[in-house]
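Notes for the one structure printed next.
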Amino acid sequence: MTAAVTAPSSLRDSGARVFRRTVPLTLGALALLAVLGALLIGGGSWPAALSVDLSEPLSSVSDWIIDNRDSHPLFLYFFGHISNAVTLSVRGVYLLLLAAGWAGVTAAAGLIAWRVAGVRLAVTAAAAFAVCGLLGMWVPTMQTLALMIVAVAASVLLGALLGLAAGLSDRTFRALRPVLDTMQVLPAFAYLLPVVLVFGIGVPAAVLATVVYAAPPMARLTALGLRDADPGVLEASASLGATRRQRLLSARVPLARKELLLGVNQSIMMALSMAVIASVIGAGGLGDRVYQALASVDVGAALAAGIPIVLLAVVFDRTAAAAGDDDTGPVALPSRLGWALALAGTLLVAVAGRLAGRQEWPQSWYVAIAEPVNRAVDWMTAHLYSGVPVIGGTADWAAGFTAWVLDPLRDGLQALPWWAMLLLVGALALLIGTWRTALTAVLAMAAIGVLGVWNDSLDTLAQVLAAVAVTLVLGFAVAVAAARSARVERVLRPVLDVFQTMPQFVYLIPVVALFGVGRAPAVAAAVVYALPAVVRITTQGLRGVDPVAMESARSLGATGWQQLRQVQLPLARPALLLAVNQGVVLVLAVVIIGGLVGGGALGYQVVFGLAQGDLATGLVAGAAIVCLGLMLDRVTQPARKEA
Amino acid sequence: MRTTLPARRVRKAAVAVPAALGLLALTGCGAADMTKQASPYAAAQGTRSVTLSTQSWVGAQANVAVAKYLLEHELGYRVDTVQVDEVPAWDALSQGRVDALLEDWGHPEQQQRYVEDKKTIVSGGGLGVTGHIGWFVPTYFAKQHPDVTDWKNLDKYAAQLRSGESGGKGQLLDGSPSYVTNDTALVKNLKLDYKVVFAGSEAAQITQIKQFAKEKKPFLTYWYSPQWLFTKVPMTEVKLPPHKEGCDADPDKVACAYPHTPLEKFLNAGFARKGGDAAAFLKKFRWTTEQQNEVALMIADQKLSPDEAAEKWVKANKPTWQSWLP
């Protein structure tokens with residue numbers, strides 16, 4: 001929040017300047033109002049009279065579902081069939097993958113990557129699959145892959161259909177947009193519980209939760225791509241006598257190709273990031289290995305299962321990105337012949353593998369990384385935990401951070417009268433966005449009060465704010481360095497890739513070993529997760545600054561620091577705001593998972609609800625998280641450019 | 001025309017995807033590992049396979065690992081395991097997503113609903129292990145301050161047990177939200193100057209305990225036996241007001257210690273009837289606390305995989321498991 005408000009000045013139009021001058025005034029007035037109000041009316045927490053207790057109805061819903069799950073037609077003829085279809089598809093893909101054997105799958109991955117993106121990526125893809133085998137994770141990788149293929153196919157199909165509807169009809173677009181916007185900020189952990197209640201633990205529930213998470217970006221990008229189609233081209237195709245259907249298929253869809261492929265890419269990445277979270281509800285595969293390793297506090301084993309997830313993500317991401325760029329594809333072979341060759345190659349290798357009796361990854365090829373990793377982690381935590389000279393140990397930092405940042409922030413927010421909180425949220429959203437975003441933000445905040453989890457939500461909010469502040473400070477510092485030097489950026493890229501795709505569960509334990517149980521490790525995990533995105537967006541923003549402006553600043557004798565402060569940062573303002581916005585949403589997602597390491601508040605309630613099958617606690621906390629996410633997103637959402 | 005090519009490709013894909021899915025749906029009749037948990041709506045399968053639920057603590061993993069090894073190597077079944085929390089496991093058991101739950105710590109509400117009312121779950125007999133939950137301090141601390149082992153003296157030590165999360169009170173470290181616990185009520189009803197801090201997962205709790213132990217710092221924690229961590233970090237139980245039958249009936253008014261619970265096995269009702277050798281074997285499966293701990297230690301401490309640990313134990317203890325076979 002703070003970083004967004006103090007975002008660089010020197011906006012050109014005078015309206016904005018007046019606006020900016022009013023910022024401190026408004027904030028000062030608000031603060032005064034809050035203090036006065038607290039003294040006069042008495043403030044504090046959301047009044048009980050204005051909240052609704054949902055536990056009674058929610059428990060009865062939960063009971064009804066449990067009692068009728070095995071007999072009611074809704075379940076027998078609707079959910080049952082969905083569940084069956086999912087199970088059968090996953091099973092089919094899994095059998096296919098197993099039948100191809102490790103050699104066949106590796107060859108297929110390499111050849112597909114070769115066709116889509118060229119030789120370099122082909123080598124990377126084949127190597128990635130080989131590493132999965134080396135780590136002794138072949139079968140779990142195939143299980144995850146099968147689940148992912150089905151989930152991504154369903155997400156892309158569903159997303160494309162929704163996007164098509166929204167792209168062609170304005171009314172659908174208007175109706176769908178708020179839903180998609182909300183889905184975008186929804187932490188996956190929040191809605192596992194209802195899915196489990198209906199479908200029970202297992203693969204169908206996991207696939208459906210993944211689809212709910214991965215379909216929205218596809219829908220959103222499809223709709224955007226279709227709506228942005230060049231009217232000139234459409235006009236031309238219409239004048240050639242094309243029917244509506246022909247126009248759609250021969251002009252609009254091809255023109256939206258880039259967005260469609262980006263949508264597929266996004267869906268894949270979102271689905272993969274669910275792989276581990278979904279293991280909490282029985283997804284199996286790699287996620288389950290990570291989750292089980294967590295139970296015996298075995299970081300090495302968790303990492304061994306986490307690396308294949310990272311590799312899959314990197315390979316998919318690069319392949320899909322290459323498919324989006326028209327020129328990178330190899331043009332040496334005619335497309336059809338190339339694909340035929342790829343197919344033949346795969347078959348050949350698969351059959352050869354089969355004949356050689358080598359369908360399963362040979363055990364003697366395993367490389368055990370768990371033990372050295374565990375030793376390294378032990379060494380690190382043993383030496384950093386406490387008693388490091390001068391700077392103190394991580395445990396001391398955590399205690400200091402909790403006592404001096406998290407506690408005052410939480411207590412401050414909770415002491416704030418509820419109406420002052422609403423005012424503050426509204427004012428901030430108005431400063432950065434429009435009255436529309438302000439309204440949504442205030443309503444979302446009020447909804448939290450109505451749900452009766454005001455204090456817990458503010459506790460979570462305090463953690464989010466602290467984590468965002470740390471993320472932004474670190475992220476901007478790294479990004480400035482990366483924007484200045486291409487070498488730094490090159491070194492940074494794989495690191496960012498790894499941290500962006502590494503399942504959070506893998507580093508939860510080292511984080512606890514370093515920072516102890518409590519809110520501090522939750523914040524630390526959130527920072528680790530959100531940092532890559534913030535660094536990326538900021539670097540891109542700083543890089544994108546017009547070189548002419550930089551040159552002229554330099555010729556005027558500005559120092560490096562001056563250039564940065566007075567030219568680069570102001571010009572990159574939109575990118576910086578986007579970084580803040582992304583940072584906030586990502587941080588919230590992990591602060592919730594922080595419930596697993598003592599973060600308490602809403603995260604703990606969601607975890608509790610899942611563990612105890614307690615819909616009342618879990619769903620209310622989940623809804624509060626959604627509201628919190630919505631509020632944070634709207635408050636940090638810069639006003640869209642008026643076309 | 002350049003633009004028609006991708007269009008055709010997209011159209012082809014639009015046809016190909018559902019077609020492929022439909023095809024795959026047809027081919028999926030054979031046996032497969034992960035997805036064997038057929039949906040509860042499907043007809044029961046005749047294949048010889050068993051799905052066991054494993055909980056997040058290592059003791060439960062040990063039960064499952066040994067049962068799995070014997071089912072696979074002695075009885076020729078294929079065994080799948082699913083990691084599920086305790087209460088959802090009851091749910092999954094009643095739906096037939098899992099066939100058996102090998103270690104239950106007492107869930108009267110679920111027992112009433114599924115065993116008594118719906119009759120979808122039946123008891124599989126005792127596991128042979130007796131579980132006990134309690135409050136523990138590290139033995140090194142108890143030796144220095146012998147009176148800490150009585151709850152009445154706990155307040156004296158609250159200042160030493162403070163943490164960043166306990167807000168000026170002493171910290172009582174609790175673990176996973178899925179575990180059976182009355183601690184919040186206990187602290188309130190015994191009027192102790194403590195705050196229950198939920199670690200959120202057993203992994204986080206163990207990590208924190210190990211870190212404390214490395215530094216020889218005092219701590220007070222919710223813990224349970226049998227648990228392998230006792231051999232790594234010796235802990236002494238704090239005596240709470242004695243447990244009497246029914247003193248924990250009202251969860252808000254509990255002011256007594258946790259009971260000693262004979263851990264029980266539960267089977268899906270259909271599986272118990274039609275499960276053949278596997279069901280008979282799981283009903284007979286019964287071992288001691290020490291035996292369970294032996295396997296648990298191999299998994300958690302020596303970092304053997306559960307399968308390896310089970311294999312090692314089974315090879316060395318033939319007389320024990322011989323009697324479990326039908």
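Chain labels A, B, ... are given in the sequence in which chains occur in the structure tokens; within each chain residues are numbered consecutively from 1, and ligands are likewise numbered from 1 in the order shown.
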
*Shell around A:Gly345 at 10 Å using only C-alpha atoms, local window under 3 positions removed, as a PyMOL selection string*: chain A and resi 104+107-108+111+339-342+348-351

*All residues 10 Å or closer to A:Leu261, only C-alpha atoms, same chain fewer than 2 positions away omitted, as a VMD selection string*: chain A and resid 218 221 to 222 256 to 259 263 to 267 320 to 325

_Just checking: using only C-alpha atoms, which residue out of A:Ala467, A:Ala301, A:Met142, A:Val211 ends up closest to B:Ser305?_
A:Ala301

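Counting only C-alpha atoms, the residue from A:Thr434, A:Gln637, A:Thr381, A:Ser89 that sits nearest to chain B is A:Ser89.
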
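Nearest to B:Arg97 of all the residues B:Thr139, B:Ser53, B:Asn153, B:Gln61 is B:Ser53, counting only C-alpha atoms.
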
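For stretch 201-206 of chain A, the non-local neighbours within 7 Å, defined as residues at least 6 positions apart in the same chain or in other chains and counting only C-alpha atoms, are Ser83, Val86, Thr87, Val195, Ala278, Ile281, Gly282 and Ala283 of chain A; Thr35 and Ala92 of chain B.
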
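Close contacts of B:Val180, defined as residues with an atom at most 10 Å away when counting only C-alpha atoms, with chain neighbours fewer than 5 positions off set aside, comprise Gln612 of chain A; Glu86, Trp105, Gly106, His107, Ile133, Gly175 and Tyr258 of chain B.
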
Next, the residues of the selection above should be written as a tab-separated table (two decimals), in the first residue's frame with C-alpha atoms.
chain	number	residue	atom	x	y	z
A	612	GLN	CA	-11.72	-31.32	10.14
B	86	GLU	CA	-8.21	-37.90	9.84
B	105	TRP	CA	-7.48	-41.93	17.61
B	106	GLY	CA	-11.14	-41.70	18.47
B	107	HIS	CA	-13.71	-39.70	16.54
B	133	ILE	CA	-1.97	-37.43	24.01
B	175	GLY	CA	0.43	-29.04	15.96
B	258	TYR	CA	-6.44	-36.95	27.66

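Atom CA of A:Ala520 is found 18.1 Å from atom CA of B:Leu161.
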